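Below is one structure; the comments refer to it alone.
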Amino acid sequence: MTSLATSINLQIVGLALGTLGWILCIISMGQVQWRVWHTSNTTIISSGIAWVGIWKVCFNSHSKISRDLRIMFCHRFRFNDAFIPQEISVAQVLLLAATVLGALGKAFTVFALRNIYMGILLKTQTISFFLAGGILKIFAGVCVLIPVTWNCYSVAYNCAIPFPPSFYMPSSPEAQEVGAAIPVGIVSVILLLMSGTFSLSYKHPVMPDVTVLSDNRLELHERKLENSYKINIVSQ
């Protein structure tokens with residue numbers, strides 16, 4: 001039991017990293033600051049800055065209320081919106097998939113650690129749990145990596161989005177930059193991949209054959225008794 005427990009230090013660290021990476025994945029998915037658009041038309045977008053996320057687009061405006069009151073307007077995307085570019089549509093699906101895969105990967109890892117700490121010496125089951133958990137977390141990391149890199153590419157090439165007039169957004173910004181959600185997603189990718197690798201690196205320690213050891217001790221004890229019996233006979 002002790003050797004088993006000491007053999008999973010790396011996997012415990014991996015579980016902690018995977019949990020943090022999974023949380024950061026959810027945070028990145030919920031943030032609107034994936035892409036920051038800069039525009040010179042401040043008639044509606046008062047600050048000249050709009051935030052484009054994977055679920056909605058937001059900007060500050062005071063023209064609709066009054067010049068003394070600024071409010072943030074947000075327009076949500078729908079799955080059937082035809083104007084949404086592929087990098088945003090793919091990000092919606094893959095980040096939801098990453099959340100589910102990351103949760104399942106953590107669950108398998110927890111079950112494997114539970115087996116070890118409870119002394120359930122099922123080698124095949126424990127290795128299978130670590131293997132499944134590691135693969136699922138690596139898949140989750142890849143699911144985050146694809147939309148992060150794709151949106152970085154769109155920012156680098158200043159790709160446009162044909163927003164409808166009801167969004168009060170220009171179809172193309174004068175410039176755009178990476179928002180806070182993308183660095184969070186990058187850290188999430190690194191942590192999930194590290195966690196998955198740590199889970200896959202688990203090796204079940206070679207345990208001594210307790211039955212054989214007990215039989216040898218019993219045989220040795222019987223020999224001692226036999227020798228003691230012979231000595232008593234000779235002395236008599």
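Naming works like this for the structure tokens: A, B, ... for the chains as they're shown, residue 1 at the start of each chain, ligands 1 onward in shown order.
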Got a sec: who's within 10 Å of Thr149 in chain A, counting only C-alpha atoms, leaving out chain neighbours fewer than 4 positions off, as an NGL selection string? :A and (87 or 144-145 or 153-155 or 182 or 185-186)
Serialized selection, N, CA and C atoms, as an mmCIF file, in the first residue's frame:
data_model
loop_
_atom_site.group_PDB
_atom_site.id
_atom_site.type_symbol
_atom_site.label_atom_id
_atom_site.label_comp_id
_atom_site.auth_asym_id
_atom_site.auth_seq_id
_atom_site.Cartn_x
_atom_site.Cartn_y
_atom_site.Cartn_z
ATOM 1 N N GLU A 87 -14.472 30.074 -37.422
ATOM 2 C CA GLU A 87 -13.638 29.971 -36.220
ATOM 3 C C GLU A 87 -14.444 30.154 -34.939
ATOM 4 N N VAL A 144 -9.363 22.765 -26.984
ATOM 5 C CA VAL A 144 -9.169 24.183 -26.653
ATOM 6 C C VAL A 144 -8.131 24.811 -27.583
ATOM 7 N N LEU A 145 -7.120 24.030 -27.938
ATOM 8 C CA LEU A 145 -6.028 24.546 -28.760
ATOM 9 C C LEU A 145 -6.500 24.993 -30.148
ATOM 10 N N TYR A 153 -5.124 33.455 -35.465
ATOM 11 C CA TYR A 153 -4.872 33.658 -36.899
ATOM 12 C C TYR A 153 -5.797 34.744 -37.458
ATOM 13 N N SER A 154 -7.079 34.705 -37.068
ATOM 14 C CA SER A 154 -8.042 35.696 -37.554
ATOM 15 C C SER A 154 -7.673 37.095 -37.082
ATOM 16 N N VAL A 155 -7.170 37.189 -35.856
ATOM 17 C CA VAL A 155 -6.740 38.493 -35.342
ATOM 18 C C VAL A 155 -5.518 38.988 -36.105
ATOM 19 N N ILE A 182 -8.019 34.564 -24.875
ATOM 20 C CA ILE A 182 -7.096 33.690 -25.600
ATOM 21 C C ILE A 182 -5.879 33.309 -24.756
ATOM 22 N N GLY A 185 -7.017 30.697 -22.461
ATOM 23 C CA GLY A 185 -7.155 29.432 -23.165
ATOM 24 C C GLY A 185 -5.823 28.748 -23.409
ATOM 25 N N ILE A 186 -4.782 29.527 -23.710
ATOM 26 C CA ILE A 186 -3.452 28.942 -23.933
ATOM 27 C C ILE A 186 -2.932 28.276 -22.662
#
Taking 5 positions as the minimum chain separation for residues in the same chain, which residues sit within 12 Å of Gln125 in chain A when counting only C-alpha atoms? Answer as a PyMOL selection string. chain A and resi 108-109+111-116+120+130-132+204
For the selection just defined, write its residues with N, CA and C atoms to a file, as an mmCIF file, in the first residue's frame.
data_model
loop_
_atom_site.group_PDB
_atom_site.id
_atom_site.type_symbol
_atom_site.label_atom_id
_atom_site.label_comp_id
_atom_site.auth_asym_id
_atom_site.auth_seq_id
_atom_site.Cartn_x
_atom_site.Cartn_y
_atom_site.Cartn_z
ATOM 1 N N PHE A 108 -12.118 9.886 -14.175
ATOM 2 C CA PHE A 108 -11.356 8.641 -14.299
ATOM 3 C C PHE A 108 -10.095 8.682 -13.444
ATOM 4 N N THR A 109 -9.437 9.828 -13.409
ATOM 5 C CA THR A 109 -8.229 9.952 -12.594
ATOM 6 C C THR A 109 -8.546 9.814 -11.110
ATOM 7 N N PHE A 111 -11.049 8.131 -9.792
ATOM 8 C CA PHE A 111 -11.350 6.718 -9.535
ATOM 9 C C PHE A 111 -10.069 5.898 -9.412
ATOM 10 N N ALA A 112 -9.089 6.182 -10.254
ATOM 11 C CA ALA A 112 -7.819 5.461 -10.186
ATOM 12 C C ALA A 112 -7.100 5.738 -8.865
ATOM 13 N N LEU A 113 -7.060 6.999 -8.455
ATOM 14 C CA LEU A 113 -6.425 7.351 -7.178
ATOM 15 C C LEU A 113 -7.180 6.751 -6.008
ATOM 16 N N ARG A 114 -8.492 6.709 -6.113
ATOM 17 C CA ARG A 114 -9.310 6.092 -5.055
ATOM 18 C C ARG A 114 -8.969 4.618 -4.900
ATOM 19 N N ASN A 115 -8.814 3.908 -6.006
ATOM 20 C CA ASN A 115 -8.459 2.484 -5.932
ATOM 21 C C ASN A 115 -7.152 2.285 -5.175
ATOM 22 N N ILE A 116 -6.183 3.153 -5.462
ATOM 23 C CA ILE A 116 -4.868 2.996 -4.833
ATOM 24 C C ILE A 116 -4.935 3.302 -3.340
ATOM 25 N N ILE A 120 -7.323 -1.132 -3.237
ATOM 26 C CA ILE A 120 -7.945 -2.021 -4.216
ATOM 27 C C ILE A 120 -6.887 -2.340 -5.269
ATOM 28 N N PHE A 130 -6.306 5.409 -15.357
ATOM 29 C CA PHE A 130 -5.311 6.445 -15.629
ATOM 30 C C PHE A 130 -5.169 6.680 -17.131
ATOM 31 N N LEU A 131 -5.203 5.601 -17.910
ATOM 32 C CA LEU A 131 -5.075 5.724 -19.356
ATOM 33 C C LEU A 131 -6.252 6.504 -19.947
ATOM 34 N N ALA A 132 -7.468 6.150 -19.533
ATOM 35 C CA ALA A 132 -8.657 6.850 -20.038
ATOM 36 C C ALA A 132 -8.644 8.316 -19.621
ATOM 37 N N HIS A 204 2.425 0.868 -12.740
ATOM 38 C CA HIS A 204 2.066 0.130 -11.543
ATOM 39 C C HIS A 204 3.323 -0.500 -10.952
#
Neighbour list for Ala140 in chain A as a PyMOL selection string, cut-off 7 Å, only C-alpha atoms, skip fewer than 3 positions in-chain: chain A and resi 98+101-102+136-137+143-144
Output N, CA, C and O atoms for every residue in the selection just made, as a PDB file, in the first residue's frame.
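Generated file (out15.pdb):
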ATOM      1  N   ALA A  98     -14.618  20.241 -24.864  1.00  0.00           N
ATOM      2  CA  ALA A  98     -13.471  20.238 -23.951  1.00  0.00           C
ATOM      3  C   ALA A  98     -13.920  20.237 -22.500  1.00  0.00           C
ATOM      4  O   ALA A  98     -13.309  19.573 -21.646  1.00  0.00           O
ATOM      5  N   LEU A 101     -15.118  16.604 -21.838  1.00  0.00           N
ATOM      6  CA  LEU A 101     -13.988  15.669 -21.836  1.00  0.00           C
ATOM      7  C   LEU A 101     -13.088  15.889 -20.621  1.00  0.00           C
ATOM      8  O   LEU A 101     -12.597  14.931 -20.014  1.00  0.00           O
ATOM      9  N   GLY A 102     -12.859  17.153 -20.278  1.00  0.00           N
ATOM     10  CA  GLY A 102     -12.032  17.441 -19.108  1.00  0.00           C
ATOM     11  C   GLY A 102     -12.651  16.924 -17.823  1.00  0.00           C
ATOM     12  O   GLY A 102     -11.959  16.396 -16.950  1.00  0.00           O
ATOM     13  N   LEU A 136      -8.462  11.462 -22.302  1.00  0.00           N
ATOM     14  CA  LEU A 136      -9.567  12.425 -22.338  1.00  0.00           C
ATOM     15  C   LEU A 136      -9.072  13.851 -22.078  1.00  0.00           C
ATOM     16  O   LEU A 136      -9.519  14.806 -22.728  1.00  0.00           O
ATOM     17  N   LYS A 137      -8.134  13.998 -21.146  1.00  0.00           N
ATOM     18  CA  LYS A 137      -7.616  15.344 -20.865  1.00  0.00           C
ATOM     19  C   LYS A 137      -6.763  15.878 -22.013  1.00  0.00           C
ATOM     20  O   LYS A 137      -6.780  17.083 -22.291  1.00  0.00           O
ATOM     21  N   CYS A 143      -8.979  20.230 -28.012  1.00  0.00           N
ATOM     22  CA  CYS A 143     -10.232  20.930 -28.324  1.00  0.00           C
ATOM     23  C   CYS A 143     -10.163  22.415 -27.976  1.00  0.00           C
ATOM     24  O   CYS A 143     -10.836  23.235 -28.596  1.00  0.00           O
ATOM     25  N   VAL A 144      -9.363  22.765 -26.984  1.00  0.00           N
ATOM     26  CA  VAL A 144      -9.169  24.183 -26.653  1.00  0.00           C
ATOM     27  C   VAL A 144      -8.131  24.811 -27.583  1.00  0.00           C
ATOM     28  O   VAL A 144      -8.259  25.965 -27.991  1.00  0.00           O
TER      29      VAL A 144
END
List every residue of range 11-130 of chain A that has an atom at most 9 Å from any atom of range 160-170 of chain A, giving for each one its closest atom pair and the distance in Å to one decimal, counting only C-alpha atoms, sorted by chain and then by ascending residue number, as JSON lines.
{"residue": "A:Thr39", "atom": "CA", "partner": "A:Pro170", "partner_atom": "CA", "distance": 7.9}
{"residue": "A:Asn41", "atom": "CA", "partner": "A:Pro170", "partner_atom": "CA", "distance": 8.6}
{"residue": "A:Ile44", "atom": "CA", "partner": "A:Tyr168", "partner_atom": "CA", "distance": 7.0}
{"residue": "A:Ile45", "atom": "CA", "partner": "A:Met169", "partner_atom": "CA", "distance": 8.0}
{"residue": "A:Ala50", "atom": "CA", "partner": "A:Met169", "partner_atom": "CA", "distance": 8.2}
{"residue": "A:Val57", "atom": "CA", "partner": "A:Phe167", "partner_atom": "CA", "distance": 8.3}
{"residue": "A:Phe59", "atom": "CA", "partner": "A:Met169", "partner_atom": "CA", "distance": 8.9}
{"residue": "A:Cys74", "atom": "CA", "partner": "A:Phe167", "partner_atom": "CA", "distance": 8.5}
{"residue": "A:His75", "atom": "CA", "partner": "A:Phe167", "partner_atom": "CA", "distance": 6.4}
{"residue": "A:Phe83", "atom": "CA", "partner": "A:Pro162", "partner_atom": "CA", "distance": 5.8}
{"residue": "A:Ile84", "atom": "CA", "partner": "A:Ile161", "partner_atom": "CA", "distance": 7.0}
{"residue": "A:Pro85", "atom": "CA", "partner": "A:Ile161", "partner_atom": "CA", "distance": 6.7}
Please write the residues from the selection above to a file, keeping all heavy atoms, as an mmCIF file, in the first residue's frame.
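File selection.cif, as written:
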data_model
loop_
_atom_site.group_PDB
_atom_site.id
_atom_site.type_symbol
_atom_site.label_atom_id
_atom_site.label_comp_id
_atom_site.auth_asym_id
_atom_site.auth_seq_id
_atom_site.Cartn_x
_atom_site.Cartn_y
_atom_site.Cartn_z
ATOM 1 N N THR A 39 -12.466 50.676 -33.717
ATOM 2 C CA THR A 39 -13.153 51.371 -34.806
ATOM 3 C C THR A 39 -13.163 52.872 -34.545
ATOM 4 O O THR A 39 -13.204 53.308 -33.388
ATOM 5 C CB THR A 39 -14.602 50.853 -34.968
ATOM 6 O OG1 THR A 39 -15.274 51.623 -35.970
ATOM 7 C CG2 THR A 39 -15.364 50.938 -33.661
ATOM 8 N N ASN A 41 -15.522 54.894 -35.769
ATOM 9 C CA ASN A 41 -16.911 55.353 -35.741
ATOM 10 C C ASN A 41 -17.442 55.238 -34.314
ATOM 11 O O ASN A 41 -17.791 54.154 -33.848
ATOM 12 C CB ASN A 41 -17.755 54.516 -36.704
ATOM 13 C CG ASN A 41 -19.180 55.047 -36.805
ATOM 14 O OD1 ASN A 41 -19.526 56.050 -36.186
ATOM 15 N ND2 ASN A 41 -20.004 54.367 -37.585
ATOM 16 N N ILE A 44 -22.126 55.066 -32.303
ATOM 17 C CA ILE A 44 -22.802 54.078 -31.458
ATOM 18 C C ILE A 44 -21.826 53.486 -30.456
ATOM 19 O O ILE A 44 -22.101 53.418 -29.260
ATOM 20 C CB ILE A 44 -23.429 52.958 -32.309
ATOM 21 C CG1 ILE A 44 -24.476 53.548 -33.265
ATOM 22 C CG2 ILE A 44 -24.080 51.908 -31.408
ATOM 23 C CD1 ILE A 44 -25.662 54.176 -32.566
ATOM 24 N N ILE A 45 -20.660 53.067 -30.949
ATOM 25 C CA ILE A 45 -19.629 52.491 -30.079
ATOM 26 C C ILE A 45 -18.816 53.643 -29.508
ATOM 27 O O ILE A 45 -17.843 54.117 -30.119
ATOM 28 C CB ILE A 45 -18.743 51.501 -30.865
ATOM 29 C CG1 ILE A 45 -19.612 50.441 -31.553
ATOM 30 C CG2 ILE A 45 -17.724 50.841 -29.952
ATOM 31 C CD1 ILE A 45 -18.843 49.507 -32.451
ATOM 32 N N ALA A 50 -14.845 47.384 -29.338
ATOM 33 C CA ALA A 50 -15.873 46.348 -29.203
ATOM 34 C C ALA A 50 -15.186 45.023 -28.907
ATOM 35 O O ALA A 50 -14.058 44.778 -29.352
ATOM 36 C CB ALA A 50 -16.705 46.245 -30.479
ATOM 37 N N VAL A 57 -21.235 39.621 -28.746
ATOM 38 C CA VAL A 57 -20.390 40.776 -29.023
ATOM 39 C C VAL A 57 -20.902 41.928 -28.169
ATOM 40 O O VAL A 57 -22.110 42.106 -28.018
ATOM 41 C CB VAL A 57 -20.403 41.132 -30.521
ATOM 42 C CG1 VAL A 57 -21.814 41.391 -31.007
ATOM 43 C CG2 VAL A 57 -19.517 42.337 -30.807
ATOM 44 N N PHE A 59 -20.199 46.160 -26.599
ATOM 45 C CA PHE A 59 -19.515 47.450 -26.716
ATOM 46 C C PHE A 59 -20.198 48.441 -25.776
ATOM 47 O O PHE A 59 -21.366 48.293 -25.421
ATOM 48 C CB PHE A 59 -19.531 47.978 -28.151
ATOM 49 C CG PHE A 59 -20.908 48.107 -28.746
ATOM 50 C CD1 PHE A 59 -21.677 49.241 -28.539
ATOM 51 C CD2 PHE A 59 -21.429 47.088 -29.520
ATOM 52 C CE1 PHE A 59 -22.941 49.373 -29.081
ATOM 53 C CE2 PHE A 59 -22.705 47.201 -30.079
ATOM 54 C CZ PHE A 59 -23.460 48.339 -29.856
ATOM 55 N N CYS A 74 -24.871 44.231 -25.453
ATOM 56 C CA CYS A 74 -24.393 42.925 -25.902
ATOM 57 C C CYS A 74 -25.437 42.281 -26.804
ATOM 58 O O CYS A 74 -26.640 42.361 -26.522
ATOM 59 C CB CYS A 74 -24.097 42.004 -24.715
ATOM 60 S SG CYS A 74 -22.696 42.523 -23.701
ATOM 61 N N HIS A 75 -24.986 41.656 -27.859
ATOM 62 C CA HIS A 75 -25.845 40.906 -28.763
ATOM 63 C C HIS A 75 -25.344 39.464 -28.771
ATOM 64 O O HIS A 75 -24.172 39.206 -29.081
ATOM 65 C CB HIS A 75 -25.812 41.484 -30.178
ATOM 66 C CG HIS A 75 -26.311 42.894 -30.259
ATOM 67 N ND1 HIS A 75 -27.646 43.206 -30.376
ATOM 68 C CD2 HIS A 75 -25.647 44.073 -30.234
ATOM 69 C CE1 HIS A 75 -27.785 44.525 -30.433
ATOM 70 N NE2 HIS A 75 -26.578 45.074 -30.343
ATOM 71 N N PHE A 83 -24.123 34.569 -40.317
ATOM 72 C CA PHE A 83 -22.980 35.476 -40.464
ATOM 73 C C PHE A 83 -21.794 35.087 -39.589
ATOM 74 O O PHE A 83 -20.693 35.630 -39.760
ATOM 75 C CB PHE A 83 -23.404 36.913 -40.121
ATOM 76 C CG PHE A 83 -23.774 37.107 -38.675
ATOM 77 C CD1 PHE A 83 -22.812 37.453 -37.743
ATOM 78 C CD2 PHE A 83 -25.084 36.935 -38.253
ATOM 79 C CE1 PHE A 83 -23.142 37.636 -36.407
ATOM 80 C CE2 PHE A 83 -25.422 37.115 -36.919
ATOM 81 C CZ PHE A 83 -24.459 37.462 -36.000
ATOM 82 N N ILE A 84 -21.990 34.164 -38.652
ATOM 83 C CA ILE A 84 -20.908 33.782 -37.740
ATOM 84 C C ILE A 84 -19.811 33.059 -38.521
ATOM 85 O O ILE A 84 -20.083 32.089 -39.234
ATOM 86 C CB ILE A 84 -21.439 32.878 -36.615
ATOM 87 C CG1 ILE A 84 -22.453 33.625 -35.764
ATOM 88 C CG2 ILE A 84 -20.292 32.378 -35.739
ATOM 89 C CD1 ILE A 84 -23.057 32.788 -34.662
ATOM 90 N N PRO A 85 -18.564 33.493 -38.406
ATOM 91 C CA PRO A 85 -17.473 32.811 -39.120
ATOM 92 C C PRO A 85 -17.191 31.434 -38.529
ATOM 93 O O PRO A 85 -17.581 31.126 -37.401
ATOM 94 C CB PRO A 85 -16.279 33.763 -38.921
ATOM 95 C CG PRO A 85 -16.601 34.517 -37.673
ATOM 96 C CD PRO A 85 -18.094 34.664 -37.647
#
Can you list, as a list of chain:residue names, every protein, DNA or RNA residue that comes within 10 Å of Arg78 in chain A when you count only C-alpha atoms, leaving out same-chain residues fewer than 5 positions away? A:Trp55, A:Lys56, A:Ile84, A:Ser89
File dump, residues just selected, N, CA, C and O atoms, as a short mmCIF file (atom, residue, chain, number, x, y, z; two decimals), in the first residue's frame:
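And here's selection-v3.cif as it stands now:
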data_model
loop_
_atom_site.label_atom_id
_atom_site.label_comp_id
_atom_site.auth_asym_id
_atom_site.auth_seq_id
_atom_site.Cartn_x
_atom_site.Cartn_y
_atom_site.Cartn_z
N TRP A 55 -19.76 33.73 -27.95
CA TRP A 55 -21.19 33.65 -27.68
C TRP A 55 -21.90 34.99 -27.90
O TRP A 55 -23.11 35.02 -28.08
N LYS A 56 -21.15 36.08 -27.86
CA LYS A 56 -21.78 37.39 -28.00
C LYS A 56 -20.74 38.44 -28.35
O LYS A 56 -19.52 38.19 -28.26
N ILE A 84 -21.99 34.16 -38.65
CA ILE A 84 -20.91 33.78 -37.74
C ILE A 84 -19.81 33.06 -38.52
O ILE A 84 -20.08 32.09 -39.23
N SER A 89 -17.90 29.44 -34.77
CA SER A 89 -18.79 28.28 -34.70
C SER A 89 -18.06 27.04 -34.19
O SER A 89 -18.57 26.30 -33.33
#
Which residues are near Glu174 in chain A? Cut-off 8 Å, only C-alpha atoms, ignore same chain within fewer than 5 positions. Put them as a VMD selection string. chain A and resid 37 to 40
For N, CA, C and O atoms, I'd like the residues from the last selection saved as a JSON list (two decimals), in the first residue's frame.
[["chain", "number", "residue", "atom", "x", "y", "z"],
["A", 37, "TRP", "N", -11.92, 44.65, -31.07],
["A", 37, "TRP", "CA", -12.02, 45.43, -32.31],
["A", 37, "TRP", "C", -11.87, 46.92, -32.01],
["A", 37, "TRP", "O", -12.47, 47.44, -31.06],
["A", 38, "HIS", "N", -11.10, 47.62, -32.84],
["A", 38, "HIS", "CA", -10.95, 49.06, -32.74],
["A", 38, "HIS", "C", -11.60, 49.70, -33.97],
["A", 38, "HIS", "O", -11.32, 49.31, -35.11],
["A", 39, "THR", "N", -12.47, 50.68, -33.72],
["A", 39, "THR", "CA", -13.15, 51.37, -34.81],
["A", 39, "THR", "C", -13.16, 52.87, -34.54],
["A", 39, "THR", "O", -13.20, 53.31, -33.39],
["A", 40, "SER", "N", -13.11, 53.65, -35.61],
["A", 40, "SER", "CA", -13.11, 55.11, -35.46],
["A", 40, "SER", "C", -14.52, 55.69, -35.42],
["A", 40, "SER", "O", -14.70, 56.85, -35.05]]
Just how far from CA of Val184 in chain A is CA of Ser28 in chain A, in Å to one decimal? 5.8 Å
